>>> print(open('structure.txt').read())   # compact mmCIF, C-alpha atoms
# COMPACT_ATOMS: atom_id res chain seq x y z
CA MET A 1 -63.36 17.88 25.72
CA PRO A 2 -64.06 14.16 26.38
CA PHE A 3 -64.86 12.91 29.85
CA ALA A 4 -65.16 9.41 31.31
CA ASP A 5 -67.27 8.64 34.36
CA ASN A 6 -66.40 6.39 37.28
CA HIS A 7 -69.30 6.24 39.72
CA GLY A 8 -70.03 9.93 39.33
CA VAL A 9 -66.42 11.14 39.16
CA ARG A 10 -65.76 12.88 35.84
CA LEU A 11 -62.33 12.23 34.36
CA HIS A 12 -60.88 14.33 31.60
CA TRP A 13 -59.03 12.34 28.95
CA ARG A 14 -57.64 12.81 25.47
CA GLU A 15 -56.01 10.79 22.74
CA GLU A 16 -53.40 11.34 20.05
CA GLY A 17 -51.98 9.22 17.26
CA GLN A 18 -52.85 5.85 15.78
CA GLY A 19 -51.66 2.30 16.32
CA SER A 20 -51.59 -0.05 19.28
CA PRO A 21 -53.02 1.78 22.31
CA ILE A 22 -50.96 3.06 25.23
CA LEU A 23 -52.66 4.27 28.42
CA LEU A 24 -50.62 6.82 30.35
CA VAL A 25 -51.13 7.01 34.13
CA MET A 26 -49.47 10.04 35.70
CA GLY A 27 -48.04 10.28 39.20
CA HIS A 28 -49.05 12.14 42.34
CA ARG A 29 -49.99 15.83 42.02
CA TYR A 30 -49.33 16.11 38.26
CA SER A 31 -51.96 16.29 35.53
CA SER A 32 -51.60 14.52 32.19
CA ALA A 33 -49.99 17.69 30.79
CA MET A 34 -46.74 16.64 32.46
CA TRP A 35 -46.29 13.85 29.92
CA TYR A 36 -45.15 16.55 27.51
CA PRO A 37 -41.49 15.42 27.13
CA ILE A 38 -42.39 11.94 25.84
CA LEU A 39 -45.91 12.26 24.43
CA PRO A 40 -45.06 13.41 20.87
CA ALA A 41 -42.70 10.48 20.24
CA LEU A 42 -45.22 7.96 21.57
CA ALA A 43 -48.09 9.46 19.55
CA ALA A 44 -46.02 9.29 16.36
CA GLU A 45 -46.30 5.49 16.48
CA HIS A 46 -49.25 4.67 18.75
CA ARG A 47 -52.71 5.67 19.86
CA VAL A 48 -51.87 7.36 23.15
CA ILE A 49 -54.61 7.85 25.73
CA SER A 50 -53.85 10.12 28.67
CA PHE A 51 -56.06 11.41 31.46
CA ASP A 52 -56.02 13.65 34.50
CA ASN A 53 -56.10 11.68 37.73
CA ARG A 54 -58.91 12.81 40.02
CA GLY A 55 -57.77 15.94 41.81
CA THR A 56 -55.69 17.24 38.89
CA GLY A 57 -56.24 19.01 35.59
CA GLU A 58 -59.84 19.10 34.42
CA SER A 59 -60.96 15.99 36.30
CA ASP A 60 -63.16 16.07 39.38
CA ALA A 61 -61.62 16.00 42.85
CA THR A 62 -62.82 13.87 45.74
CA ARG A 63 -62.16 14.33 49.44
CA LYS A 64 -61.22 10.67 49.77
CA ALA A 65 -59.70 8.23 47.32
CA SER A 66 -58.05 4.83 47.24
CA ILE A 67 -55.55 3.26 44.87
CA ALA A 68 -58.27 0.78 43.87
CA GLU A 69 -60.53 3.70 42.92
CA LEU A 70 -57.73 5.35 40.96
CA ALA A 71 -57.24 2.08 39.08
CA GLY A 72 -60.98 2.08 38.46
CA ASP A 73 -60.63 5.58 37.01
CA ALA A 74 -58.04 4.29 34.54
CA LEU A 75 -60.32 1.45 33.51
CA ALA A 76 -63.22 3.90 33.08
CA VAL A 77 -61.05 5.92 30.69
CA MET A 78 -60.22 2.78 28.71
CA ASP A 79 -63.93 2.01 28.48
CA ALA A 80 -64.75 5.55 27.35
CA ALA A 81 -62.06 5.27 24.67
CA LYS A 82 -63.45 1.85 23.68
CA VAL A 83 -60.08 0.20 24.29
CA GLU A 84 -60.25 -3.41 25.44
CA ARG A 85 -56.50 -3.89 25.95
CA ALA A 86 -53.62 -1.44 26.17
CA HIS A 87 -49.99 -1.08 27.05
CA VAL A 88 -50.23 0.63 30.46
CA PHE A 89 -47.47 3.11 31.28
CA GLY A 90 -47.51 4.47 34.82
CA VAL A 91 -44.99 6.61 36.68
CA SER A 92 -44.54 7.07 40.44
CA MET A 93 -48.03 6.85 41.99
CA GLY A 94 -49.23 6.04 38.48
CA GLY A 95 -47.02 2.95 38.56
CA VAL A 96 -48.72 1.78 41.76
CA VAL A 97 -52.10 2.42 40.11
CA SER A 98 -50.99 0.54 36.99
CA LEU A 99 -49.93 -2.49 39.03
CA GLU A 100 -53.27 -2.43 40.85
CA LEU A 101 -55.12 -2.16 37.52
CA ALA A 102 -53.19 -5.18 36.23
CA MET A 103 -54.03 -7.15 39.37
CA GLN A 104 -57.72 -6.22 39.08
CA GLN A 105 -58.03 -6.79 35.32
CA PRO A 106 -54.98 -8.58 33.86
CA GLY A 107 -56.84 -9.26 30.63
CA ARG A 108 -57.01 -5.53 29.92
CA VAL A 109 -53.22 -5.06 30.08
CA THR A 110 -51.09 -5.94 27.05
CA SER A 111 -47.90 -4.96 28.84
CA LEU A 112 -46.80 -2.91 31.84
CA LEU A 113 -44.36 -0.01 31.66
CA LEU A 114 -43.46 1.20 35.15
CA GLY A 115 -41.31 4.21 35.90
CA CYS A 116 -39.85 5.54 39.19
CA THR A 117 -42.11 3.29 41.23
CA GLY A 118 -41.97 0.06 43.23
CA VAL A 119 -43.80 -2.72 45.01
CA LEU A 120 -45.63 -0.80 47.72
CA THR A 121 -45.50 -3.36 50.51
CA ALA A 122 -46.59 -2.52 54.06
CA ASP A 123 -43.00 -2.08 55.30
CA LYS A 124 -42.14 0.76 52.91
CA PRO A 125 -42.31 4.30 54.34
CA ARG A 126 -45.05 6.77 53.36
CA MET A 127 -45.52 10.50 53.72
CA PRO A 128 -46.66 11.17 57.32
CA ALA A 129 -50.18 12.59 57.58
CA ALA A 130 -48.82 15.70 59.31
CA LEU A 131 -46.83 16.66 56.21
CA ARG A 132 -49.92 16.66 53.97
CA VAL A 133 -50.86 20.08 55.34
CA LEU A 134 -47.98 21.46 53.24
CA TYR A 135 -50.18 21.11 50.18
CA TYR A 136 -52.33 23.93 51.55
CA LEU A 137 -49.42 26.38 51.38
CA PRO A 138 -49.30 28.86 48.47
CA SER A 139 -47.48 27.53 45.41
CA TRP A 140 -44.59 29.98 45.88
CA ALA A 141 -44.07 28.67 49.41
CA LEU A 142 -44.07 25.07 48.22
CA ARG A 143 -41.45 25.92 45.61
CA ALA A 144 -39.32 27.59 48.28
CA LEU A 145 -39.38 24.37 50.33
CA GLN A 146 -38.18 22.27 47.41
CA PRO A 147 -34.48 21.37 47.44
CA ARG A 148 -32.29 23.50 45.23
CA GLY A 149 -29.93 22.09 42.64
CA ASP A 150 -31.54 19.56 40.32
CA ARG A 151 -34.90 19.80 42.19
CA GLY A 152 -35.30 16.06 41.79
CA TYR A 153 -34.62 15.95 38.05
CA GLY A 154 -31.09 14.57 38.31
CA SER A 155 -27.62 15.68 37.26
CA ALA A 156 -28.25 14.68 33.63
CA ALA A 157 -31.00 17.29 33.26
CA SER A 158 -29.88 20.54 31.64
CA ARG A 159 -30.76 23.94 33.06
CA GLU A 160 -33.03 24.52 30.08
CA GLU A 161 -34.89 21.23 30.64
CA ILE A 162 -35.35 21.97 34.33
CA ALA A 163 -36.56 25.51 33.60
CA GLU A 164 -39.11 24.19 31.10
CA ALA A 165 -40.31 21.54 33.54
CA LEU A 166 -40.71 24.07 36.36
CA ALA A 167 -42.59 26.44 34.06
CA MET A 168 -44.96 23.64 33.07
CA LEU A 169 -45.42 22.63 36.69
CA ALA A 170 -46.15 26.21 37.76
CA LYS A 171 -49.21 26.33 35.49
CA ASP A 172 -50.29 22.72 36.05
CA LYS A 173 -53.78 22.71 37.53
CA PHE A 174 -54.64 20.71 40.65
CA ASN A 175 -57.14 20.72 43.50
CA THR A 176 -55.48 20.86 46.92
CA GLY A 177 -58.01 18.60 48.64
CA GLY A 178 -57.88 16.17 45.75
CA VAL A 179 -54.09 15.95 45.91
CA VAL A 180 -54.21 15.41 49.68
CA ALA A 181 -56.67 12.56 48.97
CA GLN A 182 -54.12 11.09 46.53
CA ALA A 183 -51.42 11.23 49.22
CA ALA A 184 -53.74 9.53 51.69
CA ALA A 185 -54.54 6.87 49.10
CA ILE A 186 -50.84 6.08 48.75
CA ALA A 187 -50.39 6.03 52.53
CA GLY A 188 -53.31 3.66 52.99
CA TYR A 189 -52.34 1.18 50.29
CA SER A 190 -50.16 -1.88 50.37
CA THR A 191 -49.70 -5.00 48.29
CA THR A 192 -47.43 -8.04 48.47
CA THR A 193 -44.53 -9.24 46.40
CA ALA A 194 -46.47 -12.46 45.78
CA ALA A 195 -49.36 -10.52 44.22
CA VAL A 196 -47.01 -8.58 41.94
CA ALA A 197 -45.07 -11.75 41.06
CA ALA A 198 -48.32 -13.28 39.80
CA LEU A 199 -48.49 -10.73 36.95
CA THR A 200 -47.27 -12.55 33.86
CA MET A 201 -47.60 -9.90 31.13
CA PRO A 202 -44.38 -8.43 29.69
CA ALA A 203 -43.08 -5.54 31.77
CA LEU A 204 -40.51 -2.78 31.39
CA VAL A 205 -39.17 -1.05 34.51
CA LEU A 206 -37.50 2.35 34.14
CA HIS A 207 -35.72 4.05 37.04
CA GLY A 208 -33.26 6.89 37.47
CA ASP A 209 -30.20 6.07 39.54
CA GLU A 210 -30.42 9.49 41.25
CA ASP A 211 -34.06 9.15 42.32
CA SER A 212 -34.33 10.58 45.84
CA THR A 213 -38.11 10.10 46.09
CA VAL A 214 -38.44 6.43 45.19
CA PRO A 215 -35.05 4.76 45.73
CA PHE A 216 -33.42 3.07 42.76
CA ALA A 217 -33.37 -0.15 44.80
CA TYR A 218 -37.18 -0.19 44.61
CA GLY A 219 -36.99 -0.30 40.83
CA VAL A 220 -34.49 -3.15 40.97
CA GLU A 221 -36.78 -5.05 43.36
CA LEU A 222 -39.77 -4.44 41.09
CA ALA A 223 -37.93 -5.77 38.02
CA GLU A 224 -36.80 -8.82 39.98
CA THR A 225 -40.34 -9.47 41.26
CA LEU A 226 -42.18 -9.30 37.94
CA PRO A 227 -41.58 -12.63 36.18
CA ASP A 228 -41.33 -11.30 32.59
CA SER A 229 -39.56 -7.98 32.99
CA ARG A 230 -36.45 -6.02 32.21
CA LEU A 231 -34.88 -3.02 33.95
CA VAL A 232 -33.66 0.12 32.20
CA THR A 233 -31.38 2.23 34.38
CA LEU A 234 -31.41 5.93 33.52
CA GLU A 235 -28.04 7.30 34.58
CA GLY A 236 -28.11 10.77 36.10
CA ALA A 237 -31.91 10.89 36.19
CA GLY A 238 -33.87 11.73 39.31
CA HIS A 239 -37.50 10.98 40.09
CA ASN A 240 -38.81 12.87 37.07
CA PHE A 241 -36.78 10.71 34.71
CA ILE A 242 -38.66 11.68 31.55
CA VAL A 243 -36.92 15.06 31.78
CA ALA A 244 -33.32 14.00 32.44
CA GLY A 245 -33.49 10.59 30.76
CA ASN A 246 -35.98 11.38 28.02
CA ALA A 247 -34.06 10.14 24.97
CA LYS A 248 -33.03 6.81 26.50
CA ALA A 249 -36.41 6.28 28.15
CA THR A 250 -38.34 7.05 24.96
CA LYS A 251 -36.24 4.65 22.89
CA ALA A 252 -36.57 1.91 25.51
CA VAL A 253 -40.35 2.34 25.67
CA LEU A 254 -40.84 2.34 21.90
CA ASP A 255 -38.50 -0.62 21.36
CA PHE A 256 -40.23 -2.61 24.11
CA ILE A 257 -43.76 -1.98 22.83
CA ARG A 258 -42.70 -2.78 19.28
CA GLU A 259 -41.24 -6.08 20.48
CA VAL A 260 -44.39 -6.97 22.44
CA ASP A 261 -46.65 -6.09 19.50
CA GLN A 262 -44.55 -8.12 17.08
CA ALA A 263 -44.62 -11.15 19.38
CA ALA A 264 -48.40 -10.86 19.71
CA ALA A 265 -48.81 -10.70 15.93
CA LYS A 266 -47.04 -14.02 15.36
CA PRO A 267 -49.34 -17.00 14.66
>>> encode(input="structure.txt", output="structure tokens")
Amino acid sequence: MPFADNHGVRLHWREEGQGSPILLVMGHRYSSAMWYPILPALAAEHRVISFDNRGTGESDATRKASIAELAGDALAVMDAAKVERAHVFGVSMGGVVSLELAMQQPGRVTSLLLGCTGVLTADKPRMPAALRVLYYLPSWALRALQPRGDRGYGSAASREEIAEALAMLAKDKFNTGGVVAQAAAIAGYSTTTAAVAALTMPALVLHGDEDSTVPFAYGVELAETLPDSRLVTLEGAGHNFIVAGNAKATKAVLDFIREVDQAAAKP
């Protein structure tokens, strides 16, 4: 089981496939296992590197964390995998981390793929600190508090897809204190549209039009802010768009990376 190290924090990572490298950066609370709907298709054409954010999976947890440190974790994984440049694919909190990584080290990012995320400027709302205590509830109680219906997956998700996702989530490992630290990192972070607009690498923005966690308008704003970007709207998909919008999202991601790689290969 390979581990990277970022200033004493051990980070579990793995890789599958061959080809141009893709670094996957998962969102808040989830481990890298939750890439399961899209990982096989990506690994069939690329070298896919995924890792557990601190506080999830087999990685260490810390009582405090920042988005800059989480971006540093991603870079430490790239170093451990001996990858100088990669397509960086981040979702939700992972999209914020991916943007921060690109701002810190633009030369390490071949392209950005950003799902169900946005430009986290100071004016955008965050989870209040008082609500973070909910993470200390038993898992069954947390599930009971979740909204019924699509549970955030969107109307395009089938019952079977939702059931599989919930079963995967039920066994997904996380550290409560580490996840609270992630939430605090999000709450304490902000950037500017000018900083994001300075990122010139090709970018693909994916967003479900039924996302109730990160509004679809945030995805539109993100695509309009990045100078070399395109927006893919996933109809009927909620926040976890790789469940409801998997087929369309997977095709868009593979087509985009293929296009970027082909452009880079031209003399």
>>> closest_residue(input="structure.txt", among="A:Ala184, A:Leu222, A:Met201, A:Ala156", to="A:Ala264", atoms="all atoms listed in the file")
A:Met201
>>> closest_residue(input="structure.txt", among="A:Gly118, A:Gly27, A:Pro40, A:Pro215", to="A:Val196", atoms="only C-alpha atoms")
A:Gly118
>>> closest_residue(input="structure.txt", among="A:Arg108, A:His46, A:Arg54, A:His7", to="A:Phe174", atoms="all atoms listed in the file")
A:Arg54
>>> atom_distance(input="structure.txt", atom1="atom CA of A:Gly177", atom2="atom CA of A:His12")
17.8 Å
>>> atom_distance(input="structure.txt", atom1="atom CA of A:Ala44", atom2="atom CA of A:Ala157")
24.0 Å
>>> closest_residue(input="structure.txt", among="A:Thr56, A:Ser50, A:Asn175, A:Gln105", to="A:Ala71", atoms="all atoms listed in the file")
A:Gln105
>>> residues_around(input="structure.txt", residues="A:Pro106", least_positions_apart="6", cutoff="12 Å", atoms="all atoms listed in the file", output="PyMOL selection string")
chain A and resi 75+84-88+98-100+112+195-196+198-202
>>> atom_distance(input="structure.txt", atom1="atom CA of A:Leu101", atom2="atom CA of A:Lys248")
26.3 Å
>>> closest_residue(input="structure.txt", among="A:Asn240, A:Thr213, A:Ser59, A:Ser66", to="A:Leu166", atoms="all atoms listed in the file")
A:Asn240
>>> build_atoms(input="structure.txt", residues="stretch 222-233 of chain A", atoms="all heavy atoms", output="PDB file, keeping the file's coordinate frame")
ATOM      1  N   LEU A 222     -38.593  -4.271  41.933  1.00  0.00           N
ATOM      2  CA  LEU A 222     -39.770  -4.440  41.090  1.00  0.00           C
ATOM      3  C   LEU A 222     -39.445  -5.294  39.868  1.00  0.00           C
ATOM      4  O   LEU A 222     -40.200  -6.217  39.517  1.00  0.00           O
ATOM      5  CB  LEU A 222     -40.296  -3.070  40.659  1.00  0.00           C
ATOM      6  CG  LEU A 222     -41.486  -3.047  39.702  1.00  0.00           C
ATOM      7  CD1 LEU A 222     -42.690  -3.764  40.298  1.00  0.00           C
ATOM      8  CD2 LEU A 222     -41.837  -1.600  39.340  1.00  0.00           C
ATOM      9  N   ALA A 223     -38.323  -5.003  39.206  1.00  0.00           N
ATOM     10  CA  ALA A 223     -37.930  -5.770  38.020  1.00  0.00           C
ATOM     11  C   ALA A 223     -37.636  -7.227  38.381  1.00  0.00           C
ATOM     12  O   ALA A 223     -37.913  -8.134  37.590  1.00  0.00           O
ATOM     13  CB  ALA A 223     -36.716  -5.125  37.365  1.00  0.00           C
ATOM     14  N   GLU A 224     -37.088  -7.444  39.560  1.00  0.00           N
ATOM     15  CA  GLU A 224     -36.800  -8.820  39.980  1.00  0.00           C
ATOM     16  C   GLU A 224     -38.067  -9.563  40.395  1.00  0.00           C
ATOM     17  O   GLU A 224     -38.104 -10.796  40.337  1.00  0.00           O
ATOM     18  CB  GLU A 224     -35.800  -8.802  41.139  1.00  0.00           C
ATOM     19  CG  GLU A 224     -34.399  -8.345  40.725  1.00  0.00           C
ATOM     20  CD  GLU A 224     -33.448  -8.218  41.898  1.00  0.00           C
ATOM     21  OE1 GLU A 224     -33.940  -8.221  43.059  1.00  0.00           O
ATOM     22  OE2 GLU A 224     -32.228  -8.089  41.671  1.00  0.00           O
ATOM     23  N   THR A 225     -39.102  -8.841  40.800  1.00  0.00           N
ATOM     24  CA  THR A 225     -40.340  -9.470  41.260  1.00  0.00           C
ATOM     25  C   THR A 225     -41.236  -9.868  40.099  1.00  0.00           C
ATOM     26  O   THR A 225     -41.825 -10.952  40.111  1.00  0.00           O
ATOM     27  CB  THR A 225     -41.097  -8.510  42.204  1.00  0.00           C
ATOM     28  OG1 THR A 225     -40.264  -8.185  43.319  1.00  0.00           O
ATOM     29  CG2 THR A 225     -42.382  -9.150  42.710  1.00  0.00           C
ATOM     30  N   LEU A 226     -41.354  -8.995  39.104  1.00  0.00           N
ATOM     31  CA  LEU A 226     -42.180  -9.300  37.940  1.00  0.00           C
ATOM     32  C   LEU A 226     -41.509 -10.413  37.130  1.00  0.00           C
ATOM     33  O   LEU A 226     -40.322 -10.298  36.785  1.00  0.00           O
ATOM     34  CB  LEU A 226     -42.380  -8.055  37.086  1.00  0.00           C
ATOM     35  CG  LEU A 226     -43.290  -6.980  37.697  1.00  0.00           C
ATOM     36  CD1 LEU A 226     -43.057  -5.637  37.005  1.00  0.00           C
ATOM     37  CD2 LEU A 226     -44.748  -7.403  37.598  1.00  0.00           C
ATOM     38  N   PRO A 227     -42.226 -11.472  36.791  1.00  0.00           N
ATOM     39  CA  PRO A 227     -41.580 -12.630  36.180  1.00  0.00           C
ATOM     40  C   PRO A 227     -41.094 -12.434  34.744  1.00  0.00           C
ATOM     41  O   PRO A 227     -40.177 -13.108  34.313  1.00  0.00           O
ATOM     42  CB  PRO A 227     -42.664 -13.719  36.242  1.00  0.00           C
ATOM     43  CG  PRO A 227     -43.943 -12.982  36.344  1.00  0.00           C
ATOM     44  CD  PRO A 227     -43.640 -11.729  37.100  1.00  0.00           C
ATOM     45  N   ASP A 228     -41.713 -11.522  33.984  1.00  0.00           N
ATOM     46  CA  ASP A 228     -41.330 -11.300  32.590  1.00  0.00           C
ATOM     47  C   ASP A 228     -41.007  -9.824  32.420  1.00  0.00           C
ATOM     48  O   ASP A 228     -41.778  -9.060  31.841  1.00  0.00           O
ATOM     49  CB  ASP A 228     -42.462 -11.725  31.653  1.00  0.00           C
ATOM     50  CG  ASP A 228     -42.088 -11.620  30.178  1.00  0.00           C
ATOM     51  OD1 ASP A 228     -40.901 -11.365  29.884  1.00  0.00           O
ATOM     52  OD2 ASP A 228     -42.987 -11.766  29.323  1.00  0.00           O
ATOM     53  N   SER A 229     -39.868  -9.406  32.969  1.00  0.00           N
ATOM     54  CA  SER A 229     -39.560  -7.980  32.990  1.00  0.00           C
ATOM     55  C   SER A 229     -38.100  -7.725  32.676  1.00  0.00           C
ATOM     56  O   SER A 229     -37.266  -8.631  32.734  1.00  0.00           O
ATOM     57  CB  SER A 229     -39.899  -7.378  34.353  1.00  0.00           C
ATOM     58  OG  SER A 229     -38.986  -7.842  35.328  1.00  0.00           O
ATOM     59  N   ARG A 230     -37.831  -6.480  32.374  1.00  0.00           N
ATOM     60  CA  ARG A 230     -36.450  -6.020  32.210  1.00  0.00           C
ATOM     61  C   ARG A 230     -36.339  -4.640  32.838  1.00  0.00           C
ATOM     62  O   ARG A 230     -37.316  -3.890  32.899  1.00  0.00           O
ATOM     63  CB  ARG A 230     -36.054  -5.976  30.737  1.00  0.00           C
ATOM     64  CG  ARG A 230     -36.796  -4.931  29.920  1.00  0.00           C
ATOM     65  CD  ARG A 230     -36.575  -5.067  28.434  1.00  0.00           C
ATOM     66  NE  ARG A 230     -37.184  -6.287  27.910  1.00  0.00           N
ATOM     67  CZ  ARG A 230     -37.323  -6.530  26.603  1.00  0.00           C
ATOM     68  NH1 ARG A 230     -36.879  -5.669  25.714  1.00  0.00           N
ATOM     69  NH2 ARG A 230     -37.891  -7.638  26.194  1.00  0.00           N
ATOM     70  N   LEU A 231     -35.140  -4.302  33.289  1.00  0.00           N
ATOM     71  CA  LEU A 231     -34.880  -3.020  33.950  1.00  0.00           C
ATOM     72  C   LEU A 231     -34.038  -2.146  33.044  1.00  0.00           C
ATOM     73  O   LEU A 231     -33.019  -2.589  32.499  1.00  0.00           O
ATOM     74  CB  LEU A 231     -34.160  -3.249  35.274  1.00  0.00           C
ATOM     75  CG  LEU A 231     -33.645  -2.003  36.006  1.00  0.00           C
ATOM     76  CD1 LEU A 231     -34.807  -1.147  36.500  1.00  0.00           C
ATOM     77  CD2 LEU A 231     -32.743  -2.404  37.174  1.00  0.00           C
ATOM     78  N   VAL A 232     -34.459  -0.892  32.893  1.00  0.00           N
ATOM     79  CA  VAL A 232     -33.660   0.120  32.200  1.00  0.00           C
ATOM     80  C   VAL A 232     -33.226   1.142  33.235  1.00  0.00           C
ATOM     81  O   VAL A 232     -34.068   1.814  33.849  1.00  0.00           O
ATOM     82  CB  VAL A 232     -34.463   0.797  31.071  1.00  0.00           C
ATOM     83  CG1 VAL A 232     -33.660   1.948  30.465  1.00  0.00           C
ATOM     84  CG2 VAL A 232     -34.830  -0.218  29.994  1.00  0.00           C
ATOM     85  N   THR A 233     -31.921   1.250  33.439  1.00  0.00           N
ATOM     86  CA  THR A 233     -31.380   2.230  34.380  1.00  0.00           C
ATOM     87  C   THR A 233     -31.070   3.514  33.638  1.00  0.00           C
ATOM     88  O   THR A 233     -30.384   3.504  32.612  1.00  0.00           O
ATOM     89  CB  THR A 233     -30.088   1.692  35.026  1.00  0.00           C
ATOM     90  OG1 THR A 233     -30.375   0.470  35.716  1.00  0.00           O
ATOM     91  CG2 THR A 233     -29.507   2.704  35.999  1.00  0.00           C
TER      92      THR A 233
END
